[in-house]
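This is model-v5.csv (CSV, C-alpha atoms).
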chain,number,residue,atom,x,y,z
A,3,MET,CA,-40.1,-132.5,-48.7
A,4,PRO,CA,-40.6,-129.2,-50.6
A,5,ASP,CA,-43.4,-128.9,-53.1
A,6,PRO,CA,-42.4,-129.5,-56.8
A,7,ILE,CA,-43.0,-125.9,-57.7
A,8,PHE,CA,-40.0,-125.1,-55.5
A,9,ALA,CA,-38.0,-128.3,-56.0
A,10,HIS,CA,-38.5,-129.4,-59.6
A,11,PRO,CA,-35.7,-128.0,-61.9
A,12,ARG,CA,-38.2,-127.1,-64.6
A,13,LEU,CA,-40.8,-125.5,-62.3
A,14,ALA,CA,-38.7,-123.5,-59.9
A,15,PRO,CA,-37.6,-121.0,-62.6
A,16,LEU,CA,-41.3,-120.3,-63.2
A,17,TYR,CA,-42.1,-119.3,-59.6
A,18,ASP,CA,-41.2,-115.6,-59.7
A,19,ALA,CA,-43.1,-114.9,-62.9
A,20,PHE,CA,-46.3,-116.6,-61.8
A,21,ASP,CA,-46.1,-115.2,-58.3
A,22,GLY,CA,-46.3,-111.6,-59.7
A,23,GLU,CA,-45.5,-108.4,-57.8
A,24,ARG,CA,-44.3,-109.2,-54.3
A,25,ASP,CA,-46.0,-106.3,-52.5
A,26,ASP,CA,-45.8,-108.3,-49.3
A,27,LEU,CA,-42.0,-107.8,-49.1
A,28,THR,CA,-42.4,-104.1,-48.1
A,29,THR,CA,-43.9,-105.3,-44.8
A,30,TYR,CA,-40.7,-107.2,-43.9
A,31,LEU,CA,-38.4,-104.5,-45.1
A,32,ALA,CA,-40.3,-102.1,-42.8
A,33,ILE,CA,-40.1,-104.5,-39.9
A,34,ALA,CA,-36.3,-104.9,-40.4
A,35,ASP,CA,-36.0,-101.1,-40.1
A,36,GLU,CA,-38.4,-101.0,-37.2
A,37,VAL,CA,-36.4,-103.5,-35.0
A,38,GLY,CA,-33.0,-102.2,-36.2
A,39,ALA,CA,-32.0,-105.6,-37.7
A,40,THR,CA,-28.5,-105.8,-39.2
A,41,ARG,CA,-28.4,-109.6,-39.4
A,42,VAL,CA,-31.5,-111.3,-40.9
A,43,LEU,CA,-32.4,-114.9,-41.4
A,44,ASP,CA,-34.8,-115.7,-44.2
A,45,VAL,CA,-36.4,-119.1,-43.5
A,46,GLY,CA,-37.9,-120.7,-46.6
A,47,CYS,CA,-36.2,-118.1,-48.7
A,48,GLY,CA,-37.2,-119.8,-51.9
A,49,THR,CA,-35.9,-117.9,-55.0
A,50,GLY,CA,-34.4,-115.2,-52.8
A,51,ALA,CA,-36.8,-112.3,-53.6
A,52,LEU,CA,-36.5,-110.8,-50.1
A,53,ALA,CA,-33.0,-111.9,-49.1
A,54,VAL,CA,-31.5,-110.2,-52.1
A,55,VAL,CA,-33.2,-106.9,-51.4
A,56,LEU,CA,-32.2,-107.0,-47.7
A,57,ALA,CA,-28.6,-107.6,-48.7
A,58,GLU,CA,-28.7,-104.7,-51.2
A,59,ARG,CA,-29.7,-102.5,-48.3
A,60,GLY,CA,-26.6,-103.4,-46.4
A,61,ARG,CA,-27.8,-106.1,-44.2
A,62,THR,CA,-26.0,-109.4,-43.5
A,63,VAL,CA,-28.4,-112.1,-44.7
A,64,VAL,CA,-28.7,-115.8,-44.5
A,65,GLY,CA,-31.3,-117.6,-46.7
A,66,VAL,CA,-32.2,-121.2,-45.9
A,67,ASP,CA,-34.4,-123.4,-48.0
A,68,PRO,CA,-34.9,-127.2,-48.5
A,69,ALA,CA,-35.4,-126.8,-52.3
A,70,ALA,CA,-32.1,-126.9,-54.1
A,71,ALA,CA,-33.7,-125.8,-57.4
A,72,SER,CA,-35.1,-122.6,-55.8
A,73,LEU,CA,-31.7,-121.9,-54.3
A,74,GLU,CA,-30.1,-122.1,-57.8
A,75,VAL,CA,-32.5,-119.4,-58.9
A,76,ALA,CA,-31.7,-117.3,-55.8
A,77,ARG,CA,-28.0,-117.6,-56.4
A,78,ALA,CA,-28.3,-116.4,-59.9
A,79,LYS,CA,-29.8,-113.2,-58.5
A,80,ASP,CA,-26.8,-112.8,-56.2
A,81,PRO,CA,-23.8,-113.0,-58.5
A,82,ASP,CA,-21.5,-111.3,-56.0
A,83,GLY,CA,-22.5,-113.7,-53.2
A,84,GLU,CA,-23.8,-111.1,-50.8
A,85,VAL,CA,-26.2,-113.6,-49.3
A,86,THR,CA,-25.2,-116.8,-47.5
A,87,TRP,CA,-27.4,-119.5,-49.1
A,88,LEU,CA,-28.0,-122.7,-47.1
A,89,HIS,CA,-29.6,-125.8,-48.3
A,90,GLY,CA,-31.7,-127.1,-45.4
A,91,ASP,CA,-34.4,-125.9,-43.0
A,92,ALA,CA,-34.6,-124.1,-39.6
A,93,THR,CA,-33.7,-127.3,-37.7
A,94,THR,CA,-30.3,-127.5,-39.5
A,95,LEU,CA,-29.1,-124.0,-38.8
A,96,PRO,CA,-26.0,-123.0,-36.9
A,97,ALA,CA,-26.1,-120.4,-34.2
A,98,LEU,CA,-26.3,-117.2,-36.2
A,99,GLU,CA,-27.0,-114.5,-33.6
A,100,ALA,CA,-29.5,-113.1,-36.1
A,101,ASP,CA,-31.4,-109.9,-35.1
A,102,LEU,CA,-34.5,-110.9,-37.1
A,103,ALA,CA,-35.9,-114.1,-38.7
A,104,VAL,CA,-38.6,-113.9,-41.3
A,105,MET,CA,-40.9,-116.3,-43.0
A,106,THR,CA,-42.7,-114.8,-46.0
A,107,ALA,CA,-45.3,-116.1,-48.5
A,108,ASN,CA,-47.1,-118.2,-45.9
A,109,VAL,CA,-44.1,-120.4,-45.2
A,110,ALA,CA,-45.4,-120.8,-41.7
A,111,GLN,CA,-48.3,-122.8,-43.0
A,112,VAL,CA,-46.3,-125.6,-44.7
A,113,PHE,CA,-45.5,-127.2,-41.3
A,114,LEU,CA,-48.5,-129.6,-41.0
A,115,THR,CA,-47.8,-131.3,-37.7
A,116,ASP,CA,-47.5,-129.7,-34.3
A,117,GLU,CA,-44.1,-131.4,-34.0
A,118,ASP,CA,-42.7,-130.0,-37.2
A,119,TRP,CA,-43.9,-126.5,-36.4
A,120,SER,CA,-42.5,-126.7,-32.8
A,121,ARG,CA,-39.1,-127.9,-34.2
A,122,THR,CA,-39.1,-125.1,-36.7
A,123,LEU,CA,-39.7,-122.5,-34.0
A,124,GLN,CA,-37.1,-124.0,-31.7
A,125,GLY,CA,-34.6,-123.9,-34.6
A,126,ILE,CA,-35.3,-120.2,-35.2
A,127,HIS,CA,-35.1,-119.5,-31.5
A,128,ALA,CA,-31.6,-121.0,-31.4
A,129,ALA,CA,-30.5,-119.0,-34.5
A,130,LEU,CA,-31.6,-115.7,-33.0
A,131,ARG,CA,-29.6,-113.5,-30.6
A,132,PRO,CA,-31.2,-113.0,-27.1
A,133,HIS,CA,-34.3,-110.9,-27.6
A,134,GLY,CA,-34.1,-111.2,-31.4
A,135,HIS,CA,-37.3,-110.9,-33.4
A,136,LEU,CA,-39.4,-113.2,-35.6
A,137,ALA,CA,-41.8,-112.0,-38.2
A,138,PHE,CA,-44.1,-114.1,-40.4
A,139,GLU,CA,-47.5,-114.1,-42.1
A,140,THR,CA,-50.3,-116.6,-42.1
A,141,ARG,CA,-53.7,-116.7,-43.7
A,142,ARG,CA,-56.7,-116.1,-41.4
A,143,PRO,CA,-58.8,-119.4,-41.3
A,144,GLU,CA,-62.0,-117.5,-40.9
A,145,ARG,CA,-61.4,-115.9,-44.3
A,146,ARG,CA,-61.8,-119.4,-45.9
A,147,ALA,CA,-59.4,-118.7,-48.8
A,148,TRP,CA,-59.8,-122.2,-50.1
A,149,GLU,CA,-63.4,-121.3,-51.2
A,150,ASP,CA,-62.0,-118.6,-53.4
A,151,TRP,CA,-59.4,-120.9,-54.8
A,152,ALA,CA,-62.0,-123.6,-55.6
A,153,ALA,CA,-64.2,-121.0,-57.4
A,154,ASP,CA,-61.4,-119.6,-59.5
A,155,PRO,CA,-58.8,-121.8,-61.3
A,156,ALA,CA,-56.6,-118.8,-61.8
A,157,GLU,CA,-55.6,-119.9,-65.3
A,158,MET,CA,-52.8,-117.8,-66.6
A,159,THR,CA,-50.5,-118.0,-69.6
A,160,LEU,CA,-47.1,-116.3,-69.7
A,161,ASP,CA,-44.5,-116.1,-72.4
A,162,LEU,CA,-41.2,-116.5,-70.6
A,163,PRO,CA,-37.8,-115.8,-72.0
A,164,GLY,CA,-35.8,-118.9,-72.8
A,165,ILE,CA,-38.8,-121.1,-71.9
A,166,GLY,CA,-41.7,-120.1,-74.1
A,167,ALA,CA,-45.4,-120.0,-73.3
A,168,VAL,CA,-46.5,-121.7,-70.1
A,169,THR,CA,-50.1,-122.0,-68.8
A,170,GLN,CA,-50.7,-122.4,-65.1
A,171,TRP,CA,-54.0,-123.4,-63.4
A,172,ARG,CA,-55.1,-124.4,-59.9
A,173,GLU,CA,-57.6,-126.8,-58.3
A,174,VAL,CA,-58.4,-127.5,-54.7
A,175,THR,CA,-58.0,-131.2,-54.1
A,176,SER,CA,-59.0,-131.7,-50.4
A,177,VAL,CA,-60.4,-129.7,-47.5
A,178,ASP,CA,-60.0,-131.5,-44.2
A,179,LEU,CA,-59.5,-128.6,-41.8
A,180,PRO,CA,-57.2,-127.5,-40.6
A,181,LEU,CA,-55.5,-128.9,-43.7
A,182,VAL,CA,-56.2,-127.7,-47.2
A,183,SER,CA,-54.6,-129.3,-50.3
A,184,PHE,CA,-54.4,-127.9,-53.8
A,185,ARG,CA,-52.6,-128.6,-57.1
A,186,HIS,CA,-51.0,-126.2,-59.6
A,187,SER,CA,-50.5,-127.5,-63.1
A,188,TYR,CA,-48.2,-126.2,-65.7
A,189,ARG,CA,-48.4,-126.8,-69.5
A,190,PHE,CA,-45.3,-126.1,-71.5
A,191,HIS,CA,-46.5,-125.1,-74.9
A,192,ALA,CA,-43.1,-125.7,-76.6
A,193,ASP,CA,-43.4,-129.5,-76.1
A,194,GLY,CA,-46.8,-130.1,-74.6
A,195,THR,CA,-45.4,-131.3,-71.2
A,196,VAL,CA,-47.7,-130.9,-68.2
A,197,LEU,CA,-46.2,-130.9,-64.7
A,198,THR,CA,-48.1,-130.7,-61.5
A,199,SER,CA,-47.2,-129.5,-58.0
A,200,ASP,CA,-49.3,-130.6,-55.0
A,201,SER,CA,-49.4,-128.5,-51.9
A,202,THR,CA,-50.9,-128.7,-48.4
A,203,LEU,CA,-51.2,-125.9,-45.9
A,204,ARG,CA,-52.3,-125.9,-42.3
A,205,PHE,CA,-54.6,-123.1,-41.2
A,206,ARG,CA,-53.9,-122.2,-37.5
A,207,ASP,CA,-56.0,-119.5,-35.9
A,208,ARG,CA,-54.5,-116.6,-34.0
A,209,ASP,CA,-55.0,-118.1,-30.5
A,210,GLU,CA,-53.2,-121.3,-31.6
A,211,MET,CA,-50.4,-119.4,-33.2
A,212,GLU,CA,-49.8,-117.3,-30.2
A,213,ALA,CA,-49.9,-120.4,-27.9
A,214,THR,CA,-47.3,-122.2,-30.0
A,215,LEU,CA,-45.0,-119.1,-30.0
A,216,ALA,CA,-45.2,-118.8,-26.3
A,217,ALA,CA,-44.4,-122.5,-25.9
A,218,SER,CA,-41.3,-122.1,-28.0
A,219,GLY,CA,-39.9,-119.2,-26.0
A,220,PHE,CA,-41.3,-116.2,-27.9
A,221,ARG,CA,-43.4,-113.2,-26.8
A,222,VAL,CA,-45.9,-111.8,-29.3
A,223,LEU,CA,-45.3,-108.1,-29.6
A,224,ASP,CA,-47.9,-107.4,-32.3
A,225,VAL,CA,-50.4,-109.1,-34.7
A,226,ARG,CA,-51.0,-106.9,-37.7
A,227,ASP,CA,-53.2,-106.9,-40.8
A,228,ALA,CA,-51.2,-107.6,-44.0
A,229,PRO,CA,-51.2,-104.4,-45.9
A,230,ASP,CA,-51.2,-106.1,-49.3
A,231,ARG,CA,-54.0,-108.5,-48.3
A,232,PRO,CA,-56.2,-106.6,-45.9
A,233,GLY,CA,-58.5,-108.8,-43.9
A,234,ARG,CA,-57.0,-112.0,-45.3
A,235,GLU,CA,-53.8,-112.5,-43.3
A,236,PHE,CA,-52.1,-111.9,-40.0
A,237,VAL,CA,-48.5,-110.7,-39.7
A,238,PHE,CA,-47.0,-111.8,-36.4
A,239,LEU,CA,-44.1,-109.9,-34.8
A,240,ALA,CA,-42.6,-111.8,-31.8
A,241,GLU,CA,-39.5,-111.5,-29.7
A,242,ARG,CA,-37.3,-114.2,-28.3
A,243,THR,CA,-37.9,-114.0,-24.5
A,244,THR,CA,-34.3,-114.9,-23.5
Encoded form using structure tokens:
Amino acid sequence: MPDPIFAHPRLAPLYDAFDGERDDLTTYLAIADEVGATRVLDVGCGTGALAVVLAERGRTVVGVDPAAASLEVARAKDPDGEVTWLHGDATTLPALEADLAVMTANVAQVFLTDEDWSRTLQGIHAALRPHGHLAFETRRPERRAWEDWAADPAEMTLDLPGIGAVTQWREVTSVDLPLVSFRHSYRFHADGTVLTSDSTLRFRDRDEMEATLAASGFRVLDVRDAPDRPGREFVFLAERTT
């Protein structure tokens, strides 16, 4: 099930504002150019930040996400219906013959079990054309990002059009490696409501990630530093081997 920040109808419209500038998207736009992708699959597309830009640049784009509330936000950004929006996940996709599949914003870390991650990779494999590409990012476990999160509640208040002032803060609720759980809370000043969103991420190291990709029919072409978060994340670029 998707986290409430993506699935709750009152929280999903907040995501873009609190997420801030999406400097990470330039990495995926560059990779799409690099591999010559004309058909792109955005897995875990969320509110459509990348999918809409890819479509604006003339690509055929499919965005899939299990959170209906996030897809509503995404569709509002795409009034002409340039993107095909699908409610589901990588395991429910039709054969798309996509040139490139992407998972931004650490989507790759939400798959907590080996089985779920394997099924996701297999679904992406089936949706790609032969020798199509997969690009995604994941936090480096050795960087121990959860320690920074625990030290800084990242409290922020924004005044949002049509919503009013909302305060967000964060707390780490569990560290049981390779799993880390945390909670974002949101106070709506207009009526005093507080809503929470609990999340858990799995931190896989580079060797484990490369092994899982190989087991699912991918060849790793490159593992890069994330330009927007140097030293904190890996960006994997892999190719379907058949």
How close does stretch 24-103 of chain A get to stretch 137-159 of chain A? List, as a tab-separated table, each residue of stretch 24-103 of chain A within 9 Å, its nearest atom pair and the distance in Å to one decimal, counting only C-alpha atoms.
residue	atom	partner	partner_atom	distance
A:Tyr30	CA	A:Ala137	CA	7.5
A:Ile33	CA	A:Ala137	CA	7.9
A:Leu102	CA	A:Ala137	CA	7.5
A:Ala103	CA	A:Ala137	CA	6.3
Next on the checklist: Just want the 7 Å neighbourhood of A:Arg206, counted on only C-alpha atoms, with same-chain residues fewer than 4 positions away dropped. Output as a count of residues only.
Outcome noted: 4
Checklist entry - Which one is closest to A:Phe236: A:Val168, A:Asp26, A:Glu36, A:Asp116? Count all atoms listed in the file. => result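 With all atoms listed in the file as the atom set, the closest residue is A:Asp26.
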Item to check | Using all atoms listed in the file: which of A:Arg242, A:His10, A:Lys79, A:Arg221 has the shortest distance to A:Glu58 | outcome: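 Counting all atoms listed in the file, the residue closest to A:Glu58 is A:Lys79.
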Checklist entry - What lies within 9 Å of A:His186 using all atoms listed in the file, ignoring chain neighbours under 4 positions off, as a list in words? => result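 Once the adjacent positions are removed, what remains is Ile7, Gln170, Trp171, Arg172, Glu173, Val174, Leu197, Thr198, Ser199, Asp200 and Ser201 of chain A.
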Next on the checklist: Please list as a ChimeraX atom specification every residue within 12 Å of A:Asp118, counting only C-alpha atoms and excluding residues in the same chain fewer than 4 positions away.
Outcome noted: /A:91-93,110-114,122-125,204,214
Item to check | Å distance separating atom CA of A:Ala217 from atom CA of A:Val109, one decimal place | outcome: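 We find that atom CA of A:Ala217 and atom CA of A:Val109 lie 19.4 Å from each other.
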Item to check | Distance of atom CA of A:Ala100 from atom CA of A:Ala14, expressed in Å to one decimal place | outcome: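 Spanning atom CA of A:Ala14 to atom CA of A:Ala100 is a straight-line distance of 27.6 Å.
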Checklist outcome for this item: re atom CA of A:His133 and atom CA of A:Leu223: distance 11.5 Å
Fill-in result for stretch 12-38 of chain A, N, CA, C and O atoms as a PDB file, in the frame of the given file:
ATOM      1  N   ARG A  12     -37.472-127.788 -63.503  1.00  0.00           N
ATOM      2  CA  ARG A  12     -38.200-127.100 -64.600  1.00  0.00           C
ATOM      3  C   ARG A  12     -39.256-126.157 -64.073  1.00  0.00           C
ATOM      4  O   ARG A  12     -39.661-125.227 -64.789  1.00  0.00           O
ATOM      5  N   LEU A  13     -39.717-126.382 -62.851  1.00  0.00           N
ATOM      6  CA  LEU A  13     -40.800-125.500 -62.300  1.00  0.00           C
ATOM      7  C   LEU A  13     -40.241-124.355 -61.477  1.00  0.00           C
ATOM      8  O   LEU A  13     -40.814-123.266 -61.515  1.00  0.00           O
ATOM      9  N   ALA A  14     -39.181-124.570 -60.725  1.00  0.00           N
ATOM     10  CA  ALA A  14     -38.700-123.500 -59.900  1.00  0.00           C
ATOM     11  C   ALA A  14     -38.382-122.201 -60.625  1.00  0.00           C
ATOM     12  O   ALA A  14     -38.680-121.105 -60.111  1.00  0.00           O
ATOM     13  N   PRO A  15     -37.836-122.256 -61.858  1.00  0.00           N
ATOM     14  CA  PRO A  15     -37.600-121.000 -62.600  1.00  0.00           C
ATOM     15  C   PRO A  15     -38.881-120.261 -62.976  1.00  0.00           C
ATOM     16  O   PRO A  15     -38.820-119.107 -63.399  1.00  0.00           O
ATOM     17  N   LEU A  16     -40.045-120.916 -62.866  1.00  0.00           N
ATOM     18  CA  LEU A  16     -41.300-120.300 -63.200  1.00  0.00           C
ATOM     19  C   LEU A  16     -41.895-119.479 -62.035  1.00  0.00           C
ATOM     20  O   LEU A  16     -42.768-118.625 -62.227  1.00  0.00           O
ATOM     21  N   TYR A  17     -41.441-119.783 -60.829  1.00  0.00           N
ATOM     22  CA  TYR A  17     -42.100-119.300 -59.600  1.00  0.00           C
ATOM     23  C   TYR A  17     -42.274-117.798 -59.586  1.00  0.00           C
ATOM     24  O   TYR A  17     -43.365-117.266 -59.351  1.00  0.00           O
ATOM     25  N   ASP A  18     -41.186-117.095 -59.810  1.00  0.00           N
ATOM     26  CA  ASP A  18     -41.200-115.600 -59.700  1.00  0.00           C
ATOM     27  C   ASP A  18     -42.212-115.022 -60.686  1.00  0.00           C
ATOM     28  O   ASP A  18     -42.962-114.101 -60.346  1.00  0.00           O
ATOM     29  N   ALA A  19     -42.202-115.528 -61.917  1.00  0.00           N
ATOM     30  CA  ALA A  19     -43.100-114.900 -62.900  1.00  0.00           C
ATOM     31  C   ALA A  19     -44.540-115.118 -62.590  1.00  0.00           C
ATOM     32  O   ALA A  19     -45.335-114.175 -62.711  1.00  0.00           O
ATOM     33  N   PHE A  20     -44.915-116.312 -62.152  1.00  0.00           N
ATOM     34  CA  PHE A  20     -46.300-116.600 -61.800  1.00  0.00           C
ATOM     35  C   PHE A  20     -46.734-115.983 -60.493  1.00  0.00           C
ATOM     36  O   PHE A  20     -47.918-115.752 -60.255  1.00  0.00           O
ATOM     37  N   ASP A  21     -45.775-115.753 -59.605  1.00  0.00           N
ATOM     38  CA  ASP A  21     -46.100-115.200 -58.300  1.00  0.00           C
ATOM     39  C   ASP A  21     -46.419-113.700 -58.398  1.00  0.00           C
ATOM     40  O   ASP A  21     -47.089-113.143 -57.537  1.00  0.00           O
ATOM     41  N   GLY A  22     -45.939-113.032 -59.437  1.00  0.00           N
ATOM     42  CA  GLY A  22     -46.300-111.600 -59.700  1.00  0.00           C
ATOM     43  C   GLY A  22     -45.567-110.673 -58.752  1.00  0.00           C
ATOM     44  O   GLY A  22     -44.538-110.991 -58.152  1.00  0.00           O
ATOM     45  N   GLU A  23     -46.111-109.482 -58.639  1.00  0.00           N
ATOM     46  CA  GLU A  23     -45.500-108.400 -57.800  1.00  0.00           C
ATOM     47  C   GLU A  23     -45.512-108.876 -56.344  1.00  0.00           C
ATOM     48  O   GLU A  23     -46.534-109.312 -55.823  1.00  0.00           O
ATOM     49  N   ARG A  24     -44.381-108.758 -55.691  1.00  0.00           N
ATOM     50  CA  ARG A  24     -44.300-109.200 -54.300  1.00  0.00           C
ATOM     51  C   ARG A  24     -44.476-107.945 -53.380  1.00  0.00           C
ATOM     52  O   ARG A  24     -43.561-107.470 -52.697  1.00  0.00           O
ATOM     53  N   ASP A  25     -45.708-107.443 -53.365  1.00  0.00           N
ATOM     54  CA  ASP A  25     -46.000-106.300 -52.500  1.00  0.00           C
ATOM     55  C   ASP A  25     -45.869-106.616 -51.041  1.00  0.00           C
ATOM     56  O   ASP A  25     -45.697-105.723 -50.214  1.00  0.00           O
ATOM     57  N   ASP A  26     -45.925-107.926 -50.694  1.00  0.00           N
ATOM     58  CA  ASP A  26     -45.800-108.300 -49.300  1.00  0.00           C
ATOM     59  C   ASP A  26     -44.416-108.044 -48.731  1.00  0.00           C
ATOM     60  O   ASP A  26     -44.254-107.912 -47.511  1.00  0.00           O
ATOM     61  N   LEU A  27     -43.406-107.933 -49.582  1.00  0.00           N
ATOM     62  CA  LEU A  27     -42.000-107.800 -49.100  1.00  0.00           C
ATOM     63  C   LEU A  27     -41.804-106.455 -48.389  1.00  0.00           C
ATOM     64  O   LEU A  27     -40.943-106.347 -47.514  1.00  0.00           O
ATOM     65  N   THR A  28     -42.574-105.423 -48.771  1.00  0.00           N
ATOM     66  CA  THR A  28     -42.400-104.100 -48.100  1.00  0.00           C
ATOM     67  C   THR A  28     -42.671-104.203 -46.626  1.00  0.00           C
ATOM     68  O   THR A  28     -42.074-103.476 -45.837  1.00  0.00           O
ATOM     69  N   THR A  29     -43.586-105.102 -46.238  1.00  0.00           N
ATOM     70  CA  THR A  29     -43.900-105.300 -44.800  1.00  0.00           C
ATOM     71  C   THR A  29     -42.645-105.741 -44.056  1.00  0.00           C
ATOM     72  O   THR A  29     -42.336-105.228 -42.972  1.00  0.00           O
ATOM     73  N   TYR A  30     -41.899-106.667 -44.630  1.00  0.00           N
ATOM     74  CA  TYR A  30     -40.700-107.200 -43.900  1.00  0.00           C
ATOM     75  C   TYR A  30     -39.545-106.260 -43.981  1.00  0.00           C
ATOM     76  O   TYR A  30     -38.760-106.201 -43.027  1.00  0.00           O
ATOM     77  N   LEU A  31     -39.422-105.509 -45.050  1.00  0.00           N
ATOM     78  CA  LEU A  31     -38.400-104.500 -45.100  1.00  0.00           C
ATOM     79  C   LEU A  31     -38.638-103.427 -44.026  1.00  0.00           C
ATOM     80  O   LEU A  31     -37.704-102.974 -43.356  1.00  0.00           O
ATOM     81  N   ALA A  32     -39.910-103.071 -43.844  1.00  0.00           N
ATOM     82  CA  ALA A  32     -40.300-102.100 -42.800  1.00  0.00           C
ATOM     83  C   ALA A  32     -40.006-102.636 -41.418  1.00  0.00           C
ATOM     84  O   ALA A  32     -39.528-101.913 -40.531  1.00  0.00           O
ATOM     85  N   ILE A  33     -40.319-103.919 -41.197  1.00  0.00           N
ATOM     86  CA  ILE A  33     -40.100-104.500 -39.900  1.00  0.00           C
ATOM     87  C   ILE A  33     -38.587-104.581 -39.587  1.00  0.00           C
ATOM     88  O   ILE A  33     -38.153-104.323 -38.455  1.00  0.00           O
ATOM     89  N   ALA A  34     -37.773-104.901 -40.595  1.00  0.00           N
ATOM     90  CA  ALA A  34     -36.300-104.900 -40.400  1.00  0.00           C
ATOM     91  C   ALA A  34     -35.834-103.544 -39.945  1.00  0.00           C
ATOM     92  O   ALA A  34     -34.971-103.433 -39.050  1.00  0.00           O
ATOM     93  N   ASP A  35     -36.378-102.484 -40.547  1.00  0.00           N
ATOM     94  CA  ASP A  35     -36.000-101.100 -40.100  1.00  0.00           C
ATOM     95  C   ASP A  35     -36.539-100.866 -38.699  1.00  0.00           C
ATOM     96  O   ASP A  35     -35.832-100.291 -37.858  1.00  0.00           O
ATOM     97  N   GLU A  36     -37.766-101.292 -38.445  1.00  0.00           N
ATOM     98  CA  GLU A  36     -38.400-101.000 -37.200  1.00  0.00           C
ATOM     99  C   GLU A  36     -37.632-101.620 -35.989  1.00  0.00           C
ATOM    100  O   GLU A  36     -37.489-100.981 -34.936  1.00  0.00           O
ATOM    101  N   VAL A  37     -37.115-102.823 -36.145  1.00  0.00           N
ATOM    102  CA  VAL A  37     -36.400-103.500 -35.000  1.00  0.00           C
ATOM    103  C   VAL A  37     -34.899-103.265 -35.111  1.00  0.00           C
ATOM    104  O   VAL A  37     -34.154-103.784 -34.280  1.00  0.00           O
ATOM    105  N   GLY A  38     -34.444-102.499 -36.108  1.00  0.00           N
ATOM    106  CA  GLY A  38     -33.000-102.200 -36.200  1.00  0.00           C
ATOM    107  C   GLY A  38     -32.169-103.421 -36.552  1.00  0.00           C
ATOM    108  O   GLY A  38     -31.028-103.538 -36.072  1.00  0.00           O
TER     109      GLY A  38
END
